[in-house]
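Engineer: Here you go, one structure.
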Amino acid sequence: MDVTRRDVIELCIAGALVAAAGVAHFVDATPVLAFALAALAIALLARLVGGATDQLGSRVGSSIAGVIQSALGNLPELFIALFALREGLTRVVQSALVGSVIANSVLVLGIAFVAGGVRHGTQTFDSPRARMIATLTTLAAAILAVPTLAHAFHAPAAGHAKALSLICAGVLLALFFLTLPGFLAGGEEAAPEPARWTLATTVAVLGSAGVGAAFVSDWFVTALRPATATLGMSEAFAGLVVVAIAGNAVENVVGVQLAARNRPDFAISVIVNSALQIALVLTPVLVFASLFFATNLTLVFPTLLAISLLLAAGITALVVYDGESTWEEGAILIGFYAVVAASFWWGA
Amino acid sequence: MDVTRRDVIELCIAGALVAAAGVAHFVDATPVLAFALAALAIALLARLVGGATDQLGSRVGSSIAGVIQSALGNLPELFIALFALREGLTRVVQSALVGSVIANSVLVLGIAFVAGGVRHGTQTFDSPRARMIATLTTLAAAILAVPTLAHAFHAPAAGHAKALSLICAGVLLALFFLTLPGFLAGGEEAAPEPARWTLATTVAVLGSAGVGAAFVSDWFVTALRPATATLGMSEAFAGLVVVAIAGNAVENVVGVQLAARNRPDFAISVIVNSALQIALVLTPVLVFASLFFATNLTLVFPTLLAISLLLAAGITALVVYDGESTWEEGAILIGFYAVVAASFWWGA
Amino acid sequence: MDVTRRDVIELCIAGALVAAAGVAHFVDATPVLAFALAALAIALLARLVGGATDQLGSRVGSSIAGVIQSALGNLPELFIALFALREGLTRVVQSALVGSVIANSVLVLGIAFVAGGVRHGTQTFDSPRARMIATLTTLAAAILAVPTLAHAFHAPAAGHAKALSLICAGVLLALFFLTLPGFLAGGEEAAPEPARWTLATTVAVLGSAGVGAAFVSDWFVTALRPATATLGMSEAFAGLVVVAIAGNAVENVVGVQLAARNRPDFAISVIVNSALQIALVLTPVLVFASLFFATNLTLVFPTLLAISLLLAAGITALVVYDGESTWEEGAILIGFYAVVAASFWWGA
């Protein structure tokens, strides 16, 4: 079984959406329409990139799969972030990064609990790997929150946002390179399915989805400022919710499917691991990359963003340690996400 | 066995206290005496209402018991809150609501651990239901804290206290209606004792205790402001400690008794569930009810109140997940409550 | 086997370092050198005091061992704190106390996880005692953080730092005296090795190390202000990192050795218990002792210090409840400590 009918449909829809987003961009459609089309196109491209990365991963043996996945899996967010940094939209990038962690570890996890709970009742999970990933994610989130807390609550550190951000980013990146081997070894448990696509198909999909993501990200960022202004939505909300969900959460629909198929341990690993990668890889990489831009990205977030990150991380640890999930628990997770998102609606 | 000797004694004491509180109110006794008598009367009425509600619950089958308990069990707090809102004492209402959650999940739980630990040494508990209730309570507390955190730490949201409070209250109430069925189904585990009272007795006790609670609440709120001024106690302390303990915690003496009888799982469920109901039902109901008053109730609490709520919720999750309790753990819980309460003693 | 060759070597090195620190003090060496030598000497003296206290403990039966250990084991920190209070360096004392809790429960624990994980792979632990100590430490840390949170986030309490600190210290000390018997009884599990040293040796080592610690602490505090000024290091950093590691963490190398010998439960108990004793005994004792000094010690810390304490306590609970440790988890703990420490580098 190579490329299935479903794959083809997905590819066609993604292609159509990219085309529509491009038309909206070049004919100067209303910014809200251009923004919405670009967001949808990114969501589907992120899913294609994620799928193709997994295919590539199953092909190369697990020792490199993790590296590939970390490097390529977050490609769409990376493009959006780079274009946004070029435009000086650091607030959008910050909230998109934190938002991706929160969206995965709270919203997607909540949806997975609901999907699993509605079909299978109370689901129990007891995999040490799921628990370990939740622990590491919570720790990484705590590290990520420190520069903001220092800035907000410790006057002497307030003038050193850049230095502290670089130290923090350096620690996170060092932790990523240190812990990578352990993860790859431990990943057996979550053995990937055998490759379905041929190498040529995989590379072609990855390449074209990647190129598509680069273009659409540019259009998305162009439309972002006028669209959010029209909608009355703050830039923080655009990053926290729209970018995070389009660039990351939709891709994690696979985690929800795993929960629906009554594999809660695996579902949690996949979903929370995605949050961990953003904290441990994408965020510090962007901090260092931003040194080449006019506006540097610091890890001094809006204070509420860091507090929300800490709350989300604590909650994730809680519901994973708890050892069982129900759809009620999932509903409360979604409720928490909704209230946090609402708090960021208003702009300065 | 219908009404026992002990029931009669409790009813008589409650009646005497209500009478005394009434006399103190109408003869213009010193506010402190009127306040103290009203607080004692409310504590006993709350216990009677709680007992009668349980009796009614065992009569109607568990599918409606939960609804009745949520609706009627918090009647005394509801009356106090409504009278206080009429007087514009929103600070008292806010701290009474948060205080009820903290008092149950920290103080009463601590007393239960001490009562259980002194008699039975280390008590272990491993009921999924107790753990699930602790998880849900922590999540609900996190949701409840978000508007305050947004107000305090996110300038753009600061001007939208009312909108954010209504969103938050709506989410909490939606979660209550969504999760209710699951709770009722799951409640079998904590099967209630068979009804002891006849239906007539139950309705009579519930009715008279309810009417009594309405009157006494009025007198309590009337005496509150002059009494707290005399005592040098802040309104926040009056709500957090006096109203919370009188209106809610005393009622939960049943949880302490369960721990003393070496049924720690059931004790924890009862105590923490009480905190959950306040967060999920009473609080949002009052937010919406306050729209009909001159002064609206928002969920923007004093910042320390929201932080204390989060700490208390985290601590509750911790001691419940821990899987065993000792009286030392109970003592530290009580110590935490004491220090938090002391922080609110001073008024503005 | 009485005094081993290794003991003799340790004693000689400690003696030499004390002598070197003394020379540096009296010949007016550069402050940085005097500071560094005194810090090293304190680290070794703290280790000797710790060792001798354990020897004394194994001699007297566990019912008094705990008291002795709590009273004498923290002697070096006590001396440093008293000399620092005499000089009015309350900021150093505050950050040294909180720093000792954080250094033990995060840094030393992280090193222990790395040491254990590198040699033995994933280590599992499931001792109720380790979990209980983690719970109590988290609760004690929460209590300790309340006065700071009240000061920072509750305007009415801000003027009552001293009263609130005394209440908090009183509660902590009461909890210590209440919980002590239970701990002593429960300590069997972690049965100490039989006494190796004769009583005479033990008393001689304890006495001379104690006297040495008193002198060196004085020299350390004298050099602290000029040395930190030269190094550009804040007083908070000096307390949080230098004093905490020299006066406390090095002593806990025994916990790291236990983890390396694949006894993770015992390692965690020893390390986290050390943090608990500082919160429950040393801190409140110093608050009351400071009443006899010109400058009183309050528990109103720099806000970030209290927040870091809460984060560290939560993280400790998390990694202990998690039930297994890997060296990756240890690495992230160390990373968290590094970022927190960096935040305090800059002075006012």
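Identifiers for the structure tokens are assigned positionally: chains receive A, B, ... in sequence, residues are indexed from 1 per chain, and ligands are indexed from 1 in the order shown.
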For Leu17 of chain C, find every residue with an atom within 10 Å (counting only C-alpha atoms), except residues of its own chain fewer than 3 positions away, and show them as a list in words.
Structural biologist: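 Residues near the query, excluding close chain neighbours: Leu11, Cys12, Ile13, Ala14, Ala20, Ala21, Gly22, Val23, Leu37, Ala38, Ala39, Leu40, Ala41, Ile42, Leu44, Leu45 and Val216 of chain C.
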Engineer: Within 10 Å of Ala24 of chain C, counting only C-alpha atoms, which residues show up once you throw out same-chain ones fewer than 4 positions away? Write them as a ChimeraX atom specification, please.
Structural biologist: /C:18-20,28-38,219,223
Engineer: Select, as number ranges by chain, those residues of chain C with any atom no more than 6 Å from chain A (distances computed using only C-alpha atoms).
Structural biologist: C: 303-304, 328, 335-336, 339, 346-348
Engineer: To one decimal in Å, tell me the separation between atom CA of Ala249 of chain C and atom CA of Ala313 of chain C.
Structural biologist: 16.2 Å
Engineer: Using backbone DSSP assignments, extract all helix (DSSP H, G or I) residues from segment 93-128 of chain A; output them as a PyMOL selection string.
Structural biologist: chain A and resi 93-120+128
Engineer: Would you mind reading off the distance between atom CA of Ile245 of chain A and atom CA of Glu87 of chain A, one decimal, in Å?
Structural biologist: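 It comes out at 21.0 Å.
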Engineer: Which neighbours of Ala52 of chain C fall inside 6 Å, counting only C-alpha atoms, when residues of the same chain fewer than 3 positions from it are skipped, and could you give them as a list in words?
Structural biologist: Val49, Gln55, Thr202 and Leu206 of chain C
Engineer: Which polymer residues have any atom within 12 Å of an atom of Ser269 of chain C, counting only C-alpha atoms, with same-chain residues fewer than 6 positions away left out, as a PyMOL selection string?
Structural biologist: chain C and resi 104-105+109+112+125-137+183+186-187+189-191+252+254-256+258-259+263+275-277+316+320
Engineer: Nearest to Thr4 of chain C among C:Ser217, C:Ser308, C:Thr198, C:Leu282, with distances taken over only C-alpha atoms: which residue is it?
Structural biologist: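 Result for the nearest residue to Thr4 of chain C: C:Thr198.
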Engineer: Quick check, in Å to one decimal: how far apart do atom CA of Glu235 of chain C and atom CA of Ile80 of chain C lie?
Structural biologist: 13.7 Å
Engineer: Counting only C-alpha atoms, what is within 8 Å of Gly210 of chain C, bar same-chain residues fewer than 2 positions away, as a list in words?
Structural biologist: Leu45, Val49, Leu75, Pro76, Leu206, Gly207, Ser208, Gly212, Ala213 and Ala214 of chain C
Engineer: Output N, CA and C atoms for every residue in the selection just made, as a PDB file, in the first residue's frame.
Structural biologist:
ATOM      1  N   LEU C  45      34.022  21.640  56.245  1.00  0.00           N
ATOM      2  CA  LEU C  45      33.615  21.577  57.653  1.00  0.00           C
ATOM      3  C   LEU C  45      32.161  21.106  57.770  1.00  0.00           C
ATOM      4  N   VAL C  49      31.021  18.029  59.983  1.00  0.00           N
ATOM      5  CA  VAL C  49      29.974  18.134  60.999  1.00  0.00           C
ATOM      6  C   VAL C  49      28.861  17.143  60.693  1.00  0.00           C
ATOM      7  N   LEU C  75      24.794  23.380  61.700  1.00  0.00           N
ATOM      8  CA  LEU C  75      25.634  24.316  62.438  1.00  0.00           C
ATOM      9  C   LEU C  75      26.343  25.332  61.540  1.00  0.00           C
ATOM     10  N   PRO C  76      27.017  24.899  60.459  1.00  0.00           N
ATOM     11  CA  PRO C  76      27.725  25.888  59.641  1.00  0.00           C
ATOM     12  C   PRO C  76      26.809  26.960  59.063  1.00  0.00           C
ATOM     13  N   LEU C 206      33.504  16.633  66.024  1.00  0.00           N
ATOM     14  CA  LEU C 206      32.367  17.534  66.056  1.00  0.00           C
ATOM     15  C   LEU C 206      32.747  18.867  66.691  1.00  0.00           C
ATOM     16  N   GLY C 207      33.452  18.766  67.827  1.00  0.00           N
ATOM     17  CA  GLY C 207      33.837  19.987  68.532  1.00  0.00           C
ATOM     18  C   GLY C 207      34.764  20.854  67.707  1.00  0.00           C
ATOM     19  N   SER C 208      35.815  20.243  67.165  1.00  0.00           N
ATOM     20  CA  SER C 208      36.781  21.069  66.442  1.00  0.00           C
ATOM     21  C   SER C 208      36.184  21.577  65.126  1.00  0.00           C
ATOM     22  N   GLY C 212      35.815  25.384  64.303  1.00  0.00           N
ATOM     23  CA  GLY C 212      36.361  25.841  63.022  1.00  0.00           C
ATOM     24  C   GLY C 212      35.307  26.545  62.191  1.00  0.00           C
ATOM     25  N   ALA C 213      34.103  25.957  62.131  1.00  0.00           N
ATOM     26  CA  ALA C 213      33.035  26.543  61.336  1.00  0.00           C
ATOM     27  C   ALA C 213      32.676  27.941  61.843  1.00  0.00           C
ATOM     28  N   ALA C 214      32.695  28.103  63.165  1.00  0.00           N
ATOM     29  CA  ALA C 214      32.378  29.414  63.734  1.00  0.00           C
ATOM     30  C   ALA C 214      33.369  30.470  63.251  1.00  0.00           C
TER      31      ALA C 214
END
Engineer: List the neighbours of Pro264 of chain A out to 8 Å using only C-alpha atoms; skip same-chain residues closer than 2 positions along the sequence, and give me the result as a ChimeraX atom specification.
Structural biologist: /A:116,123-125,258-259,262,266-268
